[in-house]
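**Student:** File start10.txt follows (compact mmCIF, N, CA and C atoms):
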# COMPACT_ATOMS: atom_id res chain seq x y z
N MET A 286 2.59 6.53 -12.78
CA MET A 286 2.58 5.22 -12.17
C MET A 286 1.55 5.20 -11.05
N VAL A 287 0.92 4.05 -10.88
CA VAL A 287 -0.08 3.87 -9.83
C VAL A 287 0.47 2.91 -8.78
N VAL A 288 0.36 3.31 -7.53
CA VAL A 288 0.68 2.45 -6.39
C VAL A 288 -0.64 2.06 -5.76
N TYR A 289 -0.89 0.75 -5.65
CA TYR A 289 -2.13 0.26 -5.06
C TYR A 289 -1.93 0.06 -3.57
N PHE A 290 -2.85 0.62 -2.81
CA PHE A 290 -2.78 0.56 -1.35
C PHE A 290 -4.03 -0.12 -0.82
N TYR A 291 -3.87 -1.34 -0.30
CA TYR A 291 -4.99 -2.11 0.23
C TYR A 291 -5.11 -1.85 1.72
N THR A 292 -6.31 -1.50 2.15
CA THR A 292 -6.54 -1.05 3.51
C THR A 292 -7.92 -1.47 3.98
N LYS A 293 -8.24 -1.12 5.21
CA LYS A 293 -9.60 -1.27 5.75
C LYS A 293 -9.83 -0.14 6.73
N PRO A 294 -11.07 0.16 7.03
CA PRO A 294 -11.39 1.24 7.97
C PRO A 294 -10.83 0.95 9.37
N ASP A 295 -10.52 2.03 10.08
CA ASP A 295 -10.08 1.94 11.48
C ASP A 295 -8.84 1.08 11.67
N CYS A 296 -7.87 1.27 10.81
CA CYS A 296 -6.62 0.49 10.86
C CYS A 296 -5.47 1.47 11.08
N LEU A 297 -4.93 1.50 12.28
CA LEU A 297 -3.86 2.43 12.62
C LEU A 297 -2.60 2.17 11.79
N LEU A 298 -2.25 0.92 11.61
CA LEU A 298 -1.07 0.59 10.80
C LEU A 298 -1.26 1.06 9.36
N CYS A 299 -2.51 0.98 8.86
CA CYS A 299 -2.82 1.46 7.51
C CYS A 299 -2.62 2.97 7.41
N GLU A 300 -3.06 3.69 8.43
CA GLU A 300 -2.91 5.14 8.44
C GLU A 300 -1.43 5.54 8.40
N GLU A 301 -0.62 4.81 9.15
CA GLU A 301 0.81 5.09 9.16
C GLU A 301 1.45 4.80 7.80
N ALA A 302 1.06 3.70 7.18
CA ALA A 302 1.59 3.33 5.86
C ALA A 302 1.17 4.35 4.80
N LEU A 303 -0.07 4.80 4.87
CA LEU A 303 -0.54 5.81 3.92
C LEU A 303 0.23 7.11 4.09
N SER A 304 0.53 7.46 5.31
CA SER A 304 1.32 8.67 5.58
C SER A 304 2.70 8.56 4.94
N LEU A 305 3.31 7.39 5.00
CA LEU A 305 4.61 7.18 4.34
C LEU A 305 4.49 7.37 2.84
N LEU A 306 3.45 6.79 2.25
CA LEU A 306 3.24 6.94 0.81
C LEU A 306 3.03 8.41 0.42
N GLU A 307 2.25 9.11 1.21
CA GLU A 307 1.98 10.52 0.90
C GLU A 307 3.25 11.36 1.02
N THR A 308 4.11 11.03 1.97
CA THR A 308 5.40 11.72 2.09
C THR A 308 6.26 11.45 0.87
N LEU A 309 6.29 10.21 0.42
CA LEU A 309 7.09 9.85 -0.75
C LEU A 309 6.55 10.46 -2.04
N GLN A 310 5.26 10.78 -2.06
CA GLN A 310 4.68 11.44 -3.24
C GLN A 310 5.30 12.82 -3.47
N THR A 311 5.84 13.43 -2.44
CA THR A 311 6.49 14.73 -2.62
C THR A 311 7.84 14.59 -3.31
N LEU A 312 8.38 13.37 -3.33
CA LEU A 312 9.69 13.12 -3.93
C LEU A 312 9.61 12.37 -5.26
N TYR A 313 8.56 11.57 -5.43
CA TYR A 313 8.42 10.73 -6.61
C TYR A 313 7.04 10.94 -7.22
N ASN A 314 6.97 10.78 -8.53
CA ASN A 314 5.72 11.01 -9.24
C ASN A 314 4.92 9.71 -9.34
N PHE A 315 3.92 9.57 -8.47
CA PHE A 315 3.03 8.41 -8.54
C PHE A 315 1.68 8.78 -7.93
N TYR A 316 0.69 7.98 -8.30
CA TYR A 316 -0.67 8.15 -7.81
C TYR A 316 -0.97 6.99 -6.86
N ILE A 317 -1.63 7.27 -5.75
CA ILE A 317 -2.02 6.24 -4.80
C ILE A 317 -3.49 5.89 -5.05
N GLU A 318 -3.73 4.63 -5.41
CA GLU A 318 -5.11 4.16 -5.52
C GLU A 318 -5.43 3.37 -4.26
N ILE A 319 -6.31 3.94 -3.45
CA ILE A 319 -6.68 3.31 -2.19
C ILE A 319 -7.79 2.30 -2.45
N ARG A 320 -7.56 1.08 -1.99
CA ARG A 320 -8.52 -0.01 -2.19
C ARG A 320 -8.93 -0.59 -0.84
N ASN A 321 -10.18 -0.37 -0.48
CA ASN A 321 -10.73 -0.93 0.74
C ASN A 321 -10.98 -2.42 0.49
N ILE A 322 -10.35 -3.27 1.28
CA ILE A 322 -10.47 -4.71 1.03
C ILE A 322 -11.90 -5.23 1.21
N HIS A 323 -12.74 -4.46 1.90
CA HIS A 323 -14.13 -4.89 2.09
C HIS A 323 -15.00 -4.61 0.86
N ASP A 324 -14.43 -3.94 -0.15
CA ASP A 324 -15.18 -3.65 -1.37
C ASP A 324 -15.28 -4.84 -2.32
N ARG A 325 -14.34 -5.77 -2.19
CA ARG A 325 -14.35 -6.93 -3.09
C ARG A 325 -13.97 -8.19 -2.31
N ASP A 326 -14.69 -9.25 -2.56
CA ASP A 326 -14.44 -10.51 -1.85
C ASP A 326 -13.04 -11.05 -2.10
N ASP A 327 -12.54 -10.91 -3.33
CA ASP A 327 -11.20 -11.43 -3.63
C ASP A 327 -10.12 -10.66 -2.87
N TRP A 328 -10.28 -9.34 -2.73
CA TRP A 328 -9.32 -8.56 -1.95
C TRP A 328 -9.39 -8.95 -0.47
N LEU A 329 -10.60 -9.11 0.03
CA LEU A 329 -10.78 -9.48 1.44
C LEU A 329 -10.12 -10.83 1.72
N GLU A 330 -10.34 -11.78 0.85
CA GLU A 330 -9.77 -13.11 1.04
C GLU A 330 -8.25 -13.09 0.96
N GLU A 331 -7.72 -12.35 0.00
CA GLU A 331 -6.26 -12.34 -0.21
C GLU A 331 -5.50 -11.52 0.83
N PHE A 332 -6.06 -10.39 1.25
CA PHE A 332 -5.28 -9.44 2.05
C PHE A 332 -5.72 -9.29 3.51
N PHE A 333 -6.81 -9.93 3.93
CA PHE A 333 -7.36 -9.71 5.26
C PHE A 333 -6.32 -9.83 6.38
N LEU A 334 -5.48 -10.83 6.31
CA LEU A 334 -4.49 -11.06 7.37
C LEU A 334 -3.20 -10.29 7.16
N HIS A 335 -3.10 -9.53 6.08
CA HIS A 335 -1.82 -8.90 5.74
C HIS A 335 -1.85 -7.38 5.67
N ILE A 336 -3.01 -6.76 5.85
CA ILE A 336 -3.08 -5.32 5.61
C ILE A 336 -2.27 -4.54 6.64
N PRO A 337 -1.79 -3.39 6.27
CA PRO A 337 -1.91 -2.80 4.94
C PRO A 337 -1.00 -3.52 3.94
N VAL A 338 -1.36 -3.39 2.68
CA VAL A 338 -0.56 -3.96 1.61
C VAL A 338 -0.33 -2.88 0.57
N ILE A 339 0.92 -2.74 0.15
CA ILE A 339 1.28 -1.79 -0.89
C ILE A 339 1.79 -2.60 -2.08
N ASP A 340 1.22 -2.33 -3.24
CA ASP A 340 1.61 -2.99 -4.49
C ASP A 340 2.26 -1.95 -5.39
N ILE A 341 3.56 -2.10 -5.60
CA ILE A 341 4.31 -1.20 -6.47
C ILE A 341 4.83 -2.03 -7.63
N ALA A 342 4.20 -1.84 -8.78
CA ALA A 342 4.59 -2.55 -10.01
C ALA A 342 4.67 -4.06 -9.80
N GLY A 343 3.73 -4.60 -9.04
CA GLY A 343 3.67 -6.04 -8.83
C GLY A 343 4.46 -6.56 -7.65
N THR A 344 5.26 -5.72 -7.02
CA THR A 344 5.98 -6.11 -5.81
C THR A 344 5.16 -5.67 -4.61
N MET A 345 4.90 -6.62 -3.72
CA MET A 345 4.02 -6.37 -2.58
C MET A 345 4.82 -6.18 -1.30
N LEU A 346 4.40 -5.18 -0.53
CA LEU A 346 4.90 -4.98 0.82
C LEU A 346 3.72 -5.18 1.76
N TYR A 347 3.94 -5.94 2.85
CA TYR A 347 2.85 -6.33 3.73
C TYR A 347 3.04 -5.83 5.16
N GLY A 348 1.93 -5.40 5.76
CA GLY A 348 1.82 -5.13 7.19
C GLY A 348 2.95 -4.34 7.80
N ASP A 349 3.44 -4.85 8.92
CA ASP A 349 4.45 -4.10 9.67
C ASP A 349 5.83 -4.16 9.02
N ALA A 350 5.96 -4.85 7.89
CA ALA A 350 7.22 -4.87 7.13
C ALA A 350 7.34 -3.64 6.23
N ILE A 351 6.29 -2.82 6.18
CA ILE A 351 6.29 -1.63 5.34
C ILE A 351 7.14 -0.55 6.02
N GLU A 352 8.17 -0.12 5.31
CA GLU A 352 9.09 0.90 5.83
C GLU A 352 9.40 1.90 4.73
N PHE A 353 9.72 3.12 5.13
CA PHE A 353 10.02 4.19 4.19
C PHE A 353 11.10 3.78 3.20
N THR A 354 12.19 3.21 3.68
CA THR A 354 13.31 2.87 2.80
C THR A 354 12.95 1.77 1.81
N LYS A 355 12.14 0.80 2.23
CA LYS A 355 11.73 -0.27 1.32
C LYS A 355 10.84 0.27 0.20
N ILE A 356 9.92 1.15 0.57
CA ILE A 356 9.05 1.75 -0.45
C ILE A 356 9.88 2.58 -1.41
N GLU A 357 10.78 3.38 -0.86
CA GLU A 357 11.61 4.24 -1.71
C GLU A 357 12.48 3.43 -2.67
N GLN A 358 13.04 2.33 -2.21
CA GLN A 358 13.85 1.48 -3.09
C GLN A 358 13.03 0.98 -4.28
N LEU A 359 11.80 0.58 -4.02
CA LEU A 359 10.93 0.11 -5.11
C LEU A 359 10.58 1.24 -6.07
N LEU A 360 10.31 2.41 -5.54
CA LEU A 360 9.97 3.55 -6.40
C LEU A 360 11.15 3.97 -7.27
N LYS A 361 12.35 3.87 -6.76
CA LYS A 361 13.54 4.23 -7.52
C LYS A 361 13.76 3.29 -8.71
N LYS A 362 13.31 2.05 -8.60
CA LYS A 362 13.49 1.07 -9.66
C LYS A 362 12.53 1.29 -10.83
N ILE A 363 11.47 2.03 -10.58
CA ILE A 363 10.44 2.24 -11.60
C ILE A 363 10.82 3.41 -12.49
Just give me the structure as structure tokens.
**Tutor:**
Amino acid sequence: MVVYFYTKPDCLLCEEALSLLETLQTLYNFYIEIRNIHDRDDWLEEFFLHIPVIDIAGTMLYGDAIEFTKIEQLLKKI
């Protein structure tokens, strides 16, 4: 399974969210695809005000609402 992680450079909240994902990788089998929102105009337009954004099987978690337990609940459903 692939988890899409939308981020931008120099984003402290993004670094914290990525750390949560990497910790959960030790418990669950998934790949993190890191997507810099500045690489594509559509990502920049959609996610600029919401980063970091985690997309797990179409369910999106945004910004400071990203928490270990919320991510884990989504991973358990997959």
**Student:** I need the residues of chain A that end up classed as alpha helix (DSSP H) by DSSP on the backbone, written out as a PyMOL selection string.
**Tutor:** chain A and resi 297-310+326-332+353-362
**Student:** Between atom C of Leu360 (chain A) and atom N of Leu334 (chain A), what is the distance in Å, rounded to a tenth?
**Tutor:**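 Here the two named atoms are 26.1 Å from each other.
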**Student:** Choose the residue, out of A:Tyr313, A:Trp328, A:Phe290, A:Phe333, that has the smallest atom-to-atom separation from Leu346 (chain A); count only C-alpha atoms.
**Tutor:**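 Comparing A:Tyr313, A:Trp328, A:Phe290, A:Phe333 against Leu346 (chain A), the winner is A:Phe290.
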**Student:** Write out as a list in words the set of residues from region 289-359 of chain A that DSSP, computed on the backbone, places in strand (DSSP E or B).
**Tutor:**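 The strand (DSSP E or B) residues within region 289-359 of chain A come out as Tyr289, Phe290, Tyr291, Thr292, Tyr316, Ile317, Glu318, Ile319, Arg320, Asn321, Val338, Ile339, Asp340, Ile341, Thr344, Met345, Leu346 and Tyr347 of chain A.
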**Student:** If we draw a sphere of 6 Å around (0.6, -1.7, 1.7), which residues have at least one atom in it when counting only N, CA and C atoms? Please report them as a VMD selection string.
**Tutor:** chain A and resid 290 to 291 337 to 340 346 to 348
**Student:** To one decimal place, how far is CA of Glu352 (chain A) from CA of Ile322 (chain A) in Å?
**Tutor:**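 Distance between the two atoms: 20.9 Å.
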**Student:** Could you check how far atom N of Arg325 (chain A) sits from atom N of Thr354 (chain A), in Å to one decimal?
**Tutor:**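 Here the two named atoms are 28.6 Å from each other.
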**Student:** When you count only C-alpha atoms, which of these residues is closest to Asp349 (chain A): A:His323, A:His335, A:Lys293, A:Lys361?
**Tutor:**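 Using only C-alpha atoms, the shortest distance to Asp349 (chain A) belongs to A:His335.
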**Student:** Using only N, CA and C atoms, which of A:Ala342, A:Ile336, A:Ala302, A:Val288 sits nearest Ile319 (chain A)?
**Tutor:**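 Of the candidates, the smallest distance to Ile319 (chain A) is held by A:Val288.
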**Student:** Nearest residue to Asp295 (chain A) out of A:Gln358, A:Asn321, A:Thr311, A:Thr344, using only C-alpha atoms?
**Tutor:**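 Counting only C-alpha atoms, the residue closest to Asp295 (chain A) is A:Asn321.
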**Student:** Considering only C-alpha atoms, state which residue in the set A:Glu357, A:Glu331, A:Lys362, A:Gly343 is at the smallest distance from Leu312 (chain A).
**Tutor:**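 Smallest distance to Leu312 (chain A) is found for A:Glu357.
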**Student:** Here is a test: counting only C-alpha atoms, which residue of A:Leu303, A:Met286, A:Leu329, A:Leu309 is nearest to Ile341 (chain A)?
**Tutor:** A:Met286
